[in-house]
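Heads up, structure35.cif below (mmCIF, N, CA and C atoms):
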data_model
#
loop_
_atom_site.label_atom_id
_atom_site.label_comp_id
_atom_site.auth_asym_id
_atom_site.auth_seq_id
_atom_site.Cartn_x
_atom_site.Cartn_y
_atom_site.Cartn_z
N MET A 1 -10.32 25.56 -6.57
CA MET A 1 -9.88 25.45 -5.20
C MET A 1 -8.59 24.63 -5.14
N VAL A 2 -7.66 25.08 -4.33
CA VAL A 2 -6.37 24.42 -4.20
C VAL A 2 -6.52 23.27 -3.20
N ALA A 3 -5.98 22.10 -3.57
CA ALA A 3 -6.04 20.95 -2.67
C ALA A 3 -5.11 21.18 -1.48
N ARG A 4 -5.55 20.74 -0.32
CA ARG A 4 -4.76 20.88 0.89
C ARG A 4 -3.60 19.89 0.84
N THR A 5 -2.41 20.37 1.19
CA THR A 5 -1.25 19.50 1.27
C THR A 5 -1.40 18.59 2.49
N ARG A 6 -1.13 17.31 2.32
CA ARG A 6 -1.23 16.34 3.40
C ARG A 6 0.18 16.01 3.91
N PHE A 7 0.27 15.79 5.21
CA PHE A 7 1.54 15.43 5.84
C PHE A 7 1.44 14.13 6.62
N ASP A 8 0.38 13.35 6.37
CA ASP A 8 0.17 12.15 7.18
C ASP A 8 1.20 11.05 6.94
N ASP A 9 2.06 11.22 5.93
CA ASP A 9 3.14 10.24 5.73
C ASP A 9 4.52 10.85 5.98
N SER A 10 4.53 12.06 6.55
CA SER A 10 5.79 12.74 6.85
C SER A 10 6.53 12.04 7.99
N GLU A 11 7.86 12.13 7.98
CA GLU A 11 8.65 11.61 9.09
C GLU A 11 8.72 12.60 10.25
N CYS A 12 8.18 13.80 10.07
CA CYS A 12 8.25 14.85 11.09
C CYS A 12 7.00 14.83 11.98
N PRO A 13 7.16 14.64 13.30
CA PRO A 13 6.01 14.65 14.20
C PRO A 13 5.23 15.97 14.19
N VAL A 14 5.91 17.09 14.00
CA VAL A 14 5.22 18.37 13.96
C VAL A 14 4.30 18.42 12.73
N ALA A 15 4.81 18.00 11.58
CA ALA A 15 3.99 17.99 10.36
C ALA A 15 2.79 17.07 10.51
N ARG A 16 2.99 15.89 11.08
CA ARG A 16 1.86 14.98 11.27
C ARG A 16 0.85 15.54 12.26
N SER A 17 1.32 16.23 13.29
CA SER A 17 0.41 16.84 14.26
C SER A 17 -0.42 17.93 13.61
N VAL A 18 0.23 18.77 12.81
CA VAL A 18 -0.50 19.82 12.10
C VAL A 18 -1.50 19.20 11.14
N ASP A 19 -1.12 18.12 10.49
CA ASP A 19 -2.03 17.43 9.58
C ASP A 19 -3.25 16.90 10.34
N ALA A 20 -3.05 16.37 11.53
CA ALA A 20 -4.15 15.80 12.31
C ALA A 20 -5.10 16.88 12.81
N ILE A 21 -4.58 18.02 13.20
CA ILE A 21 -5.42 19.09 13.74
C ILE A 21 -6.05 19.88 12.61
N GLY A 22 -5.32 20.14 11.56
CA GLY A 22 -5.90 20.75 10.37
C GLY A 22 -5.69 22.22 10.23
N ASP A 23 -6.30 23.02 11.07
CA ASP A 23 -6.25 24.47 10.89
C ASP A 23 -6.67 25.17 12.18
N TRP A 24 -6.76 26.50 12.11
CA TRP A 24 -7.08 27.25 13.32
C TRP A 24 -8.47 26.94 13.83
N TRP A 25 -9.45 26.69 12.93
CA TRP A 25 -10.80 26.36 13.41
C TRP A 25 -10.75 25.11 14.28
N SER A 26 -9.99 24.12 13.87
CA SER A 26 -9.92 22.88 14.64
C SER A 26 -9.30 23.12 16.01
N LEU A 27 -8.26 23.91 16.09
CA LEU A 27 -7.66 24.22 17.40
C LEU A 27 -8.65 24.98 18.28
N LEU A 28 -9.42 25.88 17.69
CA LEU A 28 -10.40 26.63 18.48
C LEU A 28 -11.55 25.74 18.92
N ILE A 29 -11.92 24.76 18.11
CA ILE A 29 -12.93 23.78 18.53
C ILE A 29 -12.41 23.00 19.73
N VAL A 30 -11.16 22.54 19.65
CA VAL A 30 -10.56 21.80 20.77
C VAL A 30 -10.50 22.70 22.01
N ARG A 31 -10.11 23.95 21.84
CA ARG A 31 -10.09 24.90 22.97
C ARG A 31 -11.47 24.98 23.61
N ASP A 32 -12.51 25.13 22.77
CA ASP A 32 -13.88 25.23 23.30
C ASP A 32 -14.31 23.94 23.99
N ALA A 33 -13.87 22.79 23.47
CA ALA A 33 -14.19 21.52 24.12
C ALA A 33 -13.57 21.47 25.52
N PHE A 34 -12.34 21.96 25.67
CA PHE A 34 -11.73 22.05 26.99
C PHE A 34 -12.50 23.00 27.89
N ASP A 35 -13.11 24.02 27.30
CA ASP A 35 -13.87 25.00 28.07
C ASP A 35 -15.30 24.55 28.35
N GLY A 36 -15.67 23.34 27.88
CA GLY A 36 -16.97 22.79 28.22
C GLY A 36 -17.99 22.71 27.09
N SER A 37 -17.68 23.23 25.91
CA SER A 37 -18.63 23.11 24.80
C SER A 37 -18.75 21.66 24.39
N ARG A 38 -19.99 21.24 24.07
CA ARG A 38 -20.22 19.85 23.70
C ARG A 38 -21.12 19.73 22.47
N ARG A 39 -21.99 20.69 22.26
CA ARG A 39 -22.96 20.60 21.18
C ARG A 39 -22.59 21.50 20.01
N PHE A 40 -23.04 21.09 18.84
CA PHE A 40 -22.78 21.84 17.61
C PHE A 40 -23.12 23.32 17.80
N GLY A 41 -24.29 23.60 18.33
CA GLY A 41 -24.73 24.98 18.51
C GLY A 41 -23.84 25.78 19.44
N GLU A 42 -23.30 25.13 20.46
CA GLU A 42 -22.39 25.82 21.38
C GLU A 42 -21.10 26.21 20.66
N PHE A 43 -20.56 25.27 19.87
CA PHE A 43 -19.35 25.59 19.10
C PHE A 43 -19.65 26.71 18.11
N GLN A 44 -20.79 26.62 17.44
CA GLN A 44 -21.14 27.59 16.41
C GLN A 44 -21.29 28.99 17.01
N ARG A 45 -21.98 29.09 18.16
CA ARG A 45 -22.16 30.40 18.81
C ARG A 45 -20.83 30.97 19.28
N SER A 46 -19.99 30.14 19.85
CA SER A 46 -18.71 30.61 20.37
C SER A 46 -17.78 31.09 19.26
N LEU A 47 -17.74 30.32 18.17
CA LEU A 47 -16.76 30.59 17.11
C LEU A 47 -17.29 31.51 16.01
N GLY A 48 -18.61 31.52 15.80
CA GLY A 48 -19.17 32.32 14.71
C GLY A 48 -18.77 31.79 13.33
N VAL A 49 -18.42 30.53 13.25
CA VAL A 49 -17.97 29.92 12.01
C VAL A 49 -19.19 29.43 11.23
N ALA A 50 -19.08 29.41 9.91
CA ALA A 50 -20.15 28.91 9.07
C ALA A 50 -20.43 27.43 9.41
N LYS A 51 -21.69 27.05 9.33
CA LYS A 51 -22.09 25.69 9.71
C LYS A 51 -21.38 24.62 8.88
N ASN A 52 -21.19 24.88 7.58
CA ASN A 52 -20.54 23.87 6.74
C ASN A 52 -19.07 23.68 7.14
N ILE A 53 -18.40 24.76 7.51
CA ILE A 53 -17.00 24.66 7.95
C ILE A 53 -16.94 23.92 9.28
N LEU A 54 -17.84 24.28 10.21
CA LEU A 54 -17.86 23.62 11.51
C LEU A 54 -18.14 22.13 11.35
N THR A 55 -19.10 21.79 10.51
CA THR A 55 -19.43 20.39 10.26
C THR A 55 -18.21 19.63 9.76
N ALA A 56 -17.51 20.21 8.80
CA ALA A 56 -16.32 19.55 8.23
C ALA A 56 -15.23 19.39 9.28
N ARG A 57 -14.99 20.42 10.09
CA ARG A 57 -13.92 20.34 11.09
C ARG A 57 -14.27 19.34 12.19
N LEU A 58 -15.52 19.33 12.62
CA LEU A 58 -15.92 18.35 13.63
C LEU A 58 -15.77 16.93 13.09
N ARG A 59 -16.15 16.71 11.84
CA ARG A 59 -16.02 15.39 11.23
C ARG A 59 -14.55 14.98 11.19
N THR A 60 -13.67 15.89 10.80
CA THR A 60 -12.24 15.59 10.75
C THR A 60 -11.69 15.25 12.13
N LEU A 61 -12.11 15.99 13.14
CA LEU A 61 -11.63 15.74 14.51
C LEU A 61 -12.17 14.41 15.04
N VAL A 62 -13.41 14.06 14.68
CA VAL A 62 -13.96 12.76 15.07
C VAL A 62 -13.23 11.64 14.33
N ASP A 63 -13.08 11.80 13.00
CA ASP A 63 -12.38 10.78 12.21
C ASP A 63 -10.95 10.58 12.67
N GLY A 64 -10.31 11.65 13.15
CA GLY A 64 -8.93 11.57 13.63
C GLY A 64 -8.80 11.10 15.07
N GLY A 65 -9.93 10.84 15.72
CA GLY A 65 -9.88 10.34 17.09
C GLY A 65 -9.62 11.39 18.15
N VAL A 66 -9.75 12.67 17.80
CA VAL A 66 -9.54 13.76 18.76
C VAL A 66 -10.82 14.00 19.56
N LEU A 67 -11.95 13.94 18.88
CA LEU A 67 -13.27 14.06 19.51
C LEU A 67 -14.05 12.79 19.23
N ALA A 68 -15.02 12.51 20.08
CA ALA A 68 -15.97 11.42 19.84
C ALA A 68 -17.36 12.04 19.79
N SER A 69 -18.19 11.55 18.90
CA SER A 69 -19.59 11.96 18.82
C SER A 69 -20.39 10.96 19.63
N VAL A 70 -21.06 11.44 20.66
CA VAL A 70 -21.79 10.57 21.58
C VAL A 70 -23.22 11.05 21.73
N PRO A 71 -24.14 10.17 22.17
CA PRO A 71 -25.51 10.63 22.43
C PRO A 71 -25.51 11.74 23.48
N ALA A 72 -26.45 12.66 23.33
CA ALA A 72 -26.54 13.79 24.26
C ALA A 72 -26.73 13.29 25.69
N SER A 73 -26.08 13.95 26.63
CA SER A 73 -26.14 13.54 28.03
C SER A 73 -27.51 13.74 28.65
N ASP A 74 -28.36 14.57 28.02
CA ASP A 74 -29.70 14.81 28.57
C ASP A 74 -30.76 13.87 28.00
N GLY A 75 -30.33 12.90 27.18
CA GLY A 75 -31.25 11.92 26.65
C GLY A 75 -32.01 12.35 25.41
N THR A 76 -31.75 13.56 24.90
CA THR A 76 -32.41 14.01 23.68
C THR A 76 -31.78 13.34 22.47
N ALA A 77 -32.33 13.60 21.31
CA ALA A 77 -31.82 12.99 20.07
C ALA A 77 -30.55 13.66 19.56
N TYR A 78 -30.10 14.71 20.22
CA TYR A 78 -28.90 15.42 19.78
C TYR A 78 -27.66 14.57 20.02
N ARG A 79 -26.59 14.97 19.36
CA ARG A 79 -25.27 14.37 19.56
C ARG A 79 -24.40 15.41 20.25
N GLU A 80 -23.45 14.95 21.00
CA GLU A 80 -22.48 15.82 21.64
C GLU A 80 -21.08 15.38 21.23
N TYR A 81 -20.15 16.31 21.32
CA TYR A 81 -18.75 16.04 20.98
C TYR A 81 -17.94 16.13 22.26
N VAL A 82 -17.23 15.06 22.55
CA VAL A 82 -16.40 15.03 23.75
C VAL A 82 -14.96 14.70 23.37
N LEU A 83 -14.04 15.23 24.13
CA LEU A 83 -12.63 14.94 23.90
C LEU A 83 -12.34 13.47 24.24
N THR A 84 -11.59 12.84 23.39
CA THR A 84 -11.09 11.49 23.64
C THR A 84 -9.78 11.63 24.41
N PRO A 85 -9.20 10.54 24.87
CA PRO A 85 -7.86 10.65 25.48
C PRO A 85 -6.85 11.30 24.53
N LYS A 86 -6.95 11.00 23.24
CA LYS A 86 -6.07 11.63 22.25
C LYS A 86 -6.31 13.14 22.22
N GLY A 87 -7.57 13.55 22.32
CA GLY A 87 -7.90 14.97 22.35
C GLY A 87 -7.44 15.64 23.64
N GLU A 88 -7.63 14.95 24.76
CA GLU A 88 -7.19 15.50 26.04
C GLU A 88 -5.68 15.68 26.08
N ALA A 89 -4.96 14.87 25.31
CA ALA A 89 -3.50 15.00 25.25
C ALA A 89 -3.07 16.30 24.58
N LEU A 90 -4.01 17.00 23.94
CA LEU A 90 -3.71 18.31 23.35
C LEU A 90 -3.73 19.44 24.39
N PHE A 91 -4.09 19.14 25.63
CA PHE A 91 -4.18 20.19 26.65
C PHE A 91 -2.90 21.01 26.76
N PRO A 92 -1.71 20.39 26.85
CA PRO A 92 -0.50 21.21 26.94
C PRO A 92 -0.29 22.09 25.70
N VAL A 93 -0.74 21.63 24.54
CA VAL A 93 -0.61 22.43 23.31
C VAL A 93 -1.48 23.68 23.42
N ILE A 94 -2.72 23.51 23.85
CA ILE A 94 -3.64 24.63 24.00
C ILE A 94 -3.12 25.59 25.08
N VAL A 95 -2.63 25.04 26.18
CA VAL A 95 -2.07 25.89 27.25
C VAL A 95 -0.86 26.67 26.73
N ALA A 96 0.01 26.00 25.98
CA ALA A 96 1.19 26.69 25.44
C ALA A 96 0.79 27.82 24.50
N LEU A 97 -0.18 27.57 23.62
CA LEU A 97 -0.65 28.63 22.72
C LEU A 97 -1.27 29.79 23.51
N ARG A 98 -2.07 29.44 24.52
CA ARG A 98 -2.70 30.47 25.35
C ARG A 98 -1.65 31.30 26.06
N GLN A 99 -0.68 30.64 26.67
CA GLN A 99 0.35 31.38 27.40
C GLN A 99 1.19 32.24 26.47
N TRP A 100 1.50 31.71 25.29
CA TRP A 100 2.25 32.52 24.32
C TRP A 100 1.42 33.74 23.94
N GLY A 101 0.12 33.54 23.70
CA GLY A 101 -0.75 34.65 23.33
C GLY A 101 -0.88 35.70 24.43
N GLU A 102 -1.03 35.23 25.68
CA GLU A 102 -1.12 36.17 26.80
C GLU A 102 0.11 37.06 26.87
N GLU A 103 1.26 36.48 26.56
CA GLU A 103 2.52 37.20 26.66
C GLU A 103 2.85 38.04 25.43
N ASN A 104 2.40 37.61 24.25
CA ASN A 104 2.87 38.23 23.01
C ASN A 104 1.80 38.82 22.09
N ALA A 105 0.53 38.56 22.34
CA ALA A 105 -0.50 38.98 21.38
C ALA A 105 -1.36 40.14 21.86
N PHE A 106 -1.07 40.69 23.03
CA PHE A 106 -1.88 41.78 23.57
C PHE A 106 -0.99 42.94 23.97
N ALA A 107 -1.51 44.12 23.78
CA ALA A 107 -0.82 45.31 24.27
C ALA A 107 -0.95 45.37 25.79
N PRO A 108 0.00 46.00 26.48
CA PRO A 108 -0.10 46.12 27.93
C PRO A 108 -1.45 46.72 28.33
N GLY A 109 -2.13 46.07 29.27
CA GLY A 109 -3.42 46.56 29.76
C GLY A 109 -4.61 46.18 28.90
N GLU A 110 -4.37 45.56 27.74
CA GLU A 110 -5.47 45.18 26.87
C GLU A 110 -6.22 43.99 27.49
N PRO A 111 -7.56 44.06 27.52
CA PRO A 111 -8.33 42.96 28.12
C PRO A 111 -8.14 41.65 27.35
N HIS A 112 -8.09 40.56 28.10
CA HIS A 112 -8.02 39.22 27.52
C HIS A 112 -8.42 38.21 28.58
N SER A 113 -8.63 36.98 28.16
CA SER A 113 -8.95 35.92 29.11
C SER A 113 -7.65 35.32 29.64
N GLU A 114 -7.77 34.61 30.74
CA GLU A 114 -6.62 33.89 31.28
C GLU A 114 -7.09 32.56 31.85
N LEU A 115 -6.20 31.60 31.86
CA LEU A 115 -6.49 30.27 32.37
C LEU A 115 -6.04 30.20 33.83
N LEU A 116 -6.96 29.75 34.70
CA LEU A 116 -6.68 29.69 36.13
C LEU A 116 -6.74 28.26 36.64
N ASP A 117 -6.00 28.01 37.68
CA ASP A 117 -6.10 26.77 38.44
C ASP A 117 -7.43 26.85 39.19
N ARG A 118 -8.36 25.95 38.89
CA ARG A 118 -9.71 26.01 39.48
C ARG A 118 -9.66 25.95 41.01
N ARG A 119 -8.80 25.12 41.56
CA ARG A 119 -8.73 24.96 43.01
C ARG A 119 -8.15 26.19 43.69
N GLU A 120 -7.06 26.73 43.13
CA GLU A 120 -6.35 27.85 43.76
C GLU A 120 -6.86 29.22 43.29
N GLY A 121 -7.49 29.25 42.11
CA GLY A 121 -7.96 30.52 41.57
C GLY A 121 -6.83 31.41 41.07
N ARG A 122 -5.67 30.82 40.82
CA ARG A 122 -4.51 31.60 40.36
C ARG A 122 -4.09 31.16 38.98
N ARG A 123 -3.34 32.06 38.31
CA ARG A 123 -2.80 31.74 36.98
C ARG A 123 -1.84 30.56 37.07
N LEU A 124 -1.72 29.85 35.97
CA LEU A 124 -0.81 28.72 35.91
C LEU A 124 0.62 29.21 35.76
N ARG A 125 1.55 28.41 36.21
CA ARG A 125 2.96 28.68 35.95
C ARG A 125 3.18 28.48 34.45
N GLY A 126 4.08 29.25 33.88
CA GLY A 126 4.39 29.11 32.46
C GLY A 126 4.94 27.73 32.13
N LEU A 127 4.51 27.17 31.02
CA LEU A 127 5.04 25.88 30.60
C LEU A 127 6.52 26.02 30.26
N GLU A 128 7.26 24.99 30.55
CA GLU A 128 8.68 24.97 30.24
C GLU A 128 9.03 23.65 29.57
N VAL A 129 10.05 23.68 28.75
CA VAL A 129 10.58 22.46 28.16
C VAL A 129 11.75 22.03 29.04
N LEU A 130 11.63 20.82 29.57
CA LEU A 130 12.63 20.33 30.52
C LEU A 130 13.35 19.11 29.98
N SER A 131 14.61 18.99 30.34
CA SER A 131 15.38 17.80 30.00
C SER A 131 14.91 16.65 30.89
N ALA A 132 15.38 15.45 30.61
CA ALA A 132 15.02 14.28 31.41
C ALA A 132 15.41 14.46 32.87
N ASP A 133 16.49 15.24 33.14
CA ASP A 133 16.91 15.45 34.52
C ASP A 133 16.33 16.73 35.13
N GLY A 134 15.41 17.40 34.40
CA GLY A 134 14.71 18.55 34.96
C GLY A 134 15.27 19.92 34.61
N ARG A 135 16.38 19.97 33.84
CA ARG A 135 16.94 21.26 33.44
C ARG A 135 16.02 21.93 32.44
N ARG A 136 15.87 23.26 32.54
CA ARG A 136 15.11 24.02 31.55
C ARG A 136 15.94 24.11 30.28
N LEU A 137 15.33 23.77 29.14
CA LEU A 137 16.05 23.78 27.87
C LEU A 137 15.61 24.93 26.98
N ARG A 138 16.57 25.52 26.30
CA ARG A 138 16.34 26.56 25.29
C ARG A 138 16.42 25.88 23.92
N PRO A 139 15.93 26.53 22.87
CA PRO A 139 15.95 25.89 21.54
C PRO A 139 17.33 25.40 21.10
N GLY A 140 18.36 26.16 21.35
CA GLY A 140 19.70 25.76 20.93
C GLY A 140 20.28 24.58 21.69
N GLU A 141 19.60 24.16 22.74
CA GLU A 141 20.07 23.04 23.54
C GLU A 141 19.37 21.73 23.19
N THR A 142 18.67 21.73 22.07
CA THR A 142 17.99 20.52 21.61
C THR A 142 18.44 20.19 20.20
N GLU A 143 18.17 18.96 19.77
CA GLU A 143 18.45 18.56 18.40
C GLU A 143 17.40 17.56 17.96
N VAL A 144 17.16 17.50 16.67
CA VAL A 144 16.23 16.52 16.11
C VAL A 144 17.07 15.36 15.58
N ARG A 145 16.65 14.15 15.95
CA ARG A 145 17.35 12.95 15.51
C ARG A 145 16.31 12.01 14.92
N LYS A 146 16.61 11.46 13.76
CA LYS A 146 15.73 10.49 13.11
C LYS A 146 15.73 9.17 13.90
N VAL A 147 14.56 8.57 13.99
CA VAL A 147 14.41 7.27 14.62
C VAL A 147 14.23 6.26 13.51
N SER A 148 15.08 5.25 13.47
CA SER A 148 14.97 4.25 12.41
C SER A 148 13.83 3.31 12.68
N ALA A 149 13.29 2.74 11.63
CA ALA A 149 12.16 1.80 11.75
C ALA A 149 12.62 0.58 12.55
N GLY A 150 11.73 0.13 13.43
CA GLY A 150 11.90 -0.90 14.37
C GLY A 150 12.60 -2.10 14.15
#
Let me see whether you can do it: turn the structure in this file into structure tokens.
Amino acid sequence: MVARTRFDDSECPVARSVDAIGDWWSLLIVRDAFDGSRRFGEFQRSLGVAKNILTARLRTLVDGGVLASVPASDGTAYREYVLTPKGEALFPVIVALRQWGEENAFAPGEPHSELLDRREGRRLRGLEVLSADGRRLRPGETEVRKVSAG
């Protein structure tokens, strides 16, 4: 088996973010947590992933502070997984992936899910990258700059 490359000491925030989330299973677990899944069995049924893989991904997300393992809300001996503030901060990432998928991963008319504003019952406005003064930015209008140590 090939060892996974680690990026936890990279100077690139994207690489460190990918390192923290891990893989597609982890992103789908986070997606399901936003959709209300809390128990191991709920994640397993939704994802159809092998139990050993799910166990490992949940452990990584808990160890990374994305999810917390808490006593079950119904008082049983089970544990539940809830998003931490760090996990909730992934909401725009999940929304961006969902919106990209809605626009680019389906043929016209092909059935798919969509994310709605619960209060209004309507689709969300597309996410945009904005400058500090509110201008919409395109990729060529940005640059990466290194931040020196404090």
Nearby residues (all atoms listed in the file) at most 5 Å from A:Leu83, same-chain spacing under 5 positions excluded, as a compact mmCIF listing (two decimals) with N, CA and C atoms, in the frame of the given file:
# COMPACT_ATOMS: atom_id res chain seq x y z
N VAL A 66 -9.75 12.67 17.80
CA VAL A 66 -9.54 13.76 18.76
C VAL A 66 -10.82 14.00 19.56
N LEU A 67 -11.95 13.94 18.88
CA LEU A 67 -13.27 14.06 19.51
C LEU A 67 -14.05 12.79 19.23
N ALA A 68 -15.02 12.51 20.08
CA ALA A 68 -15.97 11.42 19.84
C ALA A 68 -17.36 12.04 19.79
N GLU A 88 -7.63 14.95 24.76
CA GLU A 88 -7.19 15.50 26.04
C GLU A 88 -5.68 15.68 26.08
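Using only N, CA and C atoms, the smallest distance between any of A:Leu137, A:Ala77, A:Leu54, A:Ile94 and A:Val30 comes from A:Ile94.
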Those of chain A in DSSP helix (DSSP H, G or I), formatted as a PyMOL selection string: chain A and resi 13-21+24-34+40-47+51-63+85-88+91-104+139-141
Interatomic distance, atom C of A:Trp25 to atom N of A:Pro139 (Å, one decimal): 28.1 Å
Residues selected by the PyMOL selection byres (((chain A and resi 35-50 and name CA) around 10) and name CA), written as a PyMOL selection string: chain A and resi 25+28-34+51-55+58+67+69-70+72-73+78-83
Go ahead and save the residues from that selection, with N, CA and C atoms, as a short mmCIF file (atom, residue, chain, number, x, y, z; two decimals), in the frame of the given file.
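Resulting contents of part.cif:
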data_model
loop_
_atom_site.label_atom_id
_atom_site.label_comp_id
_atom_site.auth_asym_id
_atom_site.auth_seq_id
_atom_site.Cartn_x
_atom_site.Cartn_y
_atom_site.Cartn_z
N TRP A 25 -9.45 26.69 12.93
CA TRP A 25 -10.80 26.36 13.41
C TRP A 25 -10.75 25.11 14.28
N LEU A 28 -9.42 25.88 17.69
CA LEU A 28 -10.40 26.63 18.48
C LEU A 28 -11.55 25.74 18.92
N ILE A 29 -11.92 24.76 18.11
CA ILE A 29 -12.93 23.78 18.53
C ILE A 29 -12.41 23.00 19.73
N VAL A 30 -11.16 22.54 19.65
CA VAL A 30 -10.56 21.80 20.77
C VAL A 30 -10.50 22.70 22.01
N ARG A 31 -10.11 23.95 21.84
CA ARG A 31 -10.09 24.90 22.97
C ARG A 31 -11.47 24.98 23.61
N ASP A 32 -12.51 25.13 22.77
CA ASP A 32 -13.88 25.23 23.30
C ASP A 32 -14.31 23.94 23.99
N ALA A 33 -13.87 22.79 23.47
CA ALA A 33 -14.19 21.52 24.12
C ALA A 33 -13.57 21.47 25.52
N PHE A 34 -12.34 21.96 25.67
CA PHE A 34 -11.73 22.05 26.99
C PHE A 34 -12.50 23.00 27.89
N LYS A 51 -21.69 27.05 9.33
CA LYS A 51 -22.09 25.69 9.71
C LYS A 51 -21.38 24.62 8.88
N ASN A 52 -21.19 24.88 7.58
CA ASN A 52 -20.54 23.87 6.74
C ASN A 52 -19.07 23.68 7.14
N ILE A 53 -18.40 24.76 7.51
CA ILE A 53 -17.00 24.66 7.95
C ILE A 53 -16.94 23.92 9.28
N LEU A 54 -17.84 24.28 10.21
CA LEU A 54 -17.86 23.62 11.51
C LEU A 54 -18.14 22.13 11.35
N THR A 55 -19.10 21.79 10.51
CA THR A 55 -19.43 20.39 10.26
C THR A 55 -18.21 19.63 9.76
N LEU A 58 -15.52 19.33 12.62
CA LEU A 58 -15.92 18.35 13.63
C LEU A 58 -15.77 16.93 13.09
N LEU A 67 -11.95 13.94 18.88
CA LEU A 67 -13.27 14.06 19.51
C LEU A 67 -14.05 12.79 19.23
N SER A 69 -18.19 11.55 18.90
CA SER A 69 -19.59 11.96 18.82
C SER A 69 -20.39 10.96 19.63
N VAL A 70 -21.06 11.44 20.66
CA VAL A 70 -21.79 10.57 21.58
C VAL A 70 -23.22 11.05 21.73
N ALA A 72 -26.45 12.66 23.33
CA ALA A 72 -26.54 13.79 24.26
C ALA A 72 -26.73 13.29 25.69
N SER A 73 -26.08 13.95 26.63
CA SER A 73 -26.14 13.54 28.03
C SER A 73 -27.51 13.74 28.65
N TYR A 78 -30.10 14.71 20.22
CA TYR A 78 -28.90 15.42 19.78
C TYR A 78 -27.66 14.57 20.02
N ARG A 79 -26.59 14.97 19.36
CA ARG A 79 -25.27 14.37 19.56
C ARG A 79 -24.40 15.41 20.25
N GLU A 80 -23.45 14.95 21.00
CA GLU A 80 -22.48 15.82 21.64
C GLU A 80 -21.08 15.38 21.23
N TYR A 81 -20.15 16.31 21.32
CA TYR A 81 -18.75 16.04 20.98
C TYR A 81 -17.94 16.13 22.26
N VAL A 82 -17.23 15.06 22.55
CA VAL A 82 -16.40 15.03 23.75
C VAL A 82 -14.96 14.70 23.37
N LEU A 83 -14.04 15.23 24.13
CA LEU A 83 -12.63 14.94 23.90
C LEU A 83 -12.34 13.47 24.24
#
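Using the PyMOL selection byres (((chain A and resi 116 and name CA) around 12) and name CA) on this structure selects A:Asp35, A:Val95, A:Arg98, A:Gln99, A:Ser113, A:Glu114, A:Leu115, A:Asp117, A:Arg118, A:Arg119, A:Glu120, A:Gly121, A:Arg122, A:Arg123, A:Leu124, A:Arg125, A:Gly126.
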Centre and size of axis-aligned box enclosing stretch 102-121 of chain A plus 3 Å each side, as JSON:
{"center_x": -3.4, "center_y": 35.8, "center_z": 32.6, "size_x": 18.6, "size_y": 27.8, "size_z": 28.4}
Evaluate the PyMOL selection byres (((chain A and resi 11-22 and name CA) around 9) and name CA) and report residues as a PyMOL selection string: chain A and resi 5-10+23-27+57+60-61+64+66+146
Can you spit out the residues from that selection as a compact mmCIF listing (two decimals), in the frame of the given file, using N, CA and C atoms?
# COMPACT_ATOMS: atom_id res chain seq x y z
N THR A 5 -2.41 20.37 1.19
CA THR A 5 -1.25 19.50 1.27
C THR A 5 -1.40 18.59 2.49
N ARG A 6 -1.13 17.31 2.32
CA ARG A 6 -1.23 16.34 3.40
C ARG A 6 0.18 16.01 3.91
N PHE A 7 0.27 15.79 5.21
CA PHE A 7 1.54 15.43 5.84
C PHE A 7 1.44 14.13 6.62
N ASP A 8 0.38 13.35 6.37
CA ASP A 8 0.17 12.15 7.18
C ASP A 8 1.20 11.05 6.94
N ASP A 9 2.06 11.22 5.93
CA ASP A 9 3.14 10.24 5.73
C ASP A 9 4.52 10.85 5.98
N SER A 10 4.53 12.06 6.55
CA SER A 10 5.79 12.74 6.85
C SER A 10 6.53 12.04 7.99
N ASP A 23 -6.30 23.02 11.07
CA ASP A 23 -6.25 24.47 10.89
C ASP A 23 -6.67 25.17 12.18
N TRP A 24 -6.76 26.50 12.11
CA TRP A 24 -7.08 27.25 13.32
C TRP A 24 -8.47 26.94 13.83
N TRP A 25 -9.45 26.69 12.93
CA TRP A 25 -10.80 26.36 13.41
C TRP A 25 -10.75 25.11 14.28
N SER A 26 -9.99 24.12 13.87
CA SER A 26 -9.92 22.88 14.64
C SER A 26 -9.30 23.12 16.01
N LEU A 27 -8.26 23.91 16.09
CA LEU A 27 -7.66 24.22 17.40
C LEU A 27 -8.65 24.98 18.28
N ARG A 57 -14.99 20.42 10.09
CA ARG A 57 -13.92 20.34 11.09
C ARG A 57 -14.27 19.34 12.19
N THR A 60 -13.67 15.89 10.80
CA THR A 60 -12.24 15.59 10.75
C THR A 60 -11.69 15.25 12.13
N LEU A 61 -12.11 15.99 13.14
CA LEU A 61 -11.63 15.74 14.51
C LEU A 61 -12.17 14.41 15.04
N GLY A 64 -10.31 11.65 13.15
CA GLY A 64 -8.93 11.57 13.63
C GLY A 64 -8.80 11.10 15.07
N VAL A 66 -9.75 12.67 17.80
CA VAL A 66 -9.54 13.76 18.76
C VAL A 66 -10.82 14.00 19.56
N LYS A 146 16.61 11.46 13.76
CA LYS A 146 15.73 10.49 13.11
C LYS A 146 15.73 9.17 13.90
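One finds atom CA of A:Ala105 at 16.0 Å from atom N of A:Leu127.
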Atom CA of A:Gly75 to atom CA of A:Ala89, straight-line distance in Å: 28.0 Å
Those of stretch 59-101 of chain A in DSSP strand (DSSP E), formatted as a ChimeraX atom specification: /A:67-71,79-83
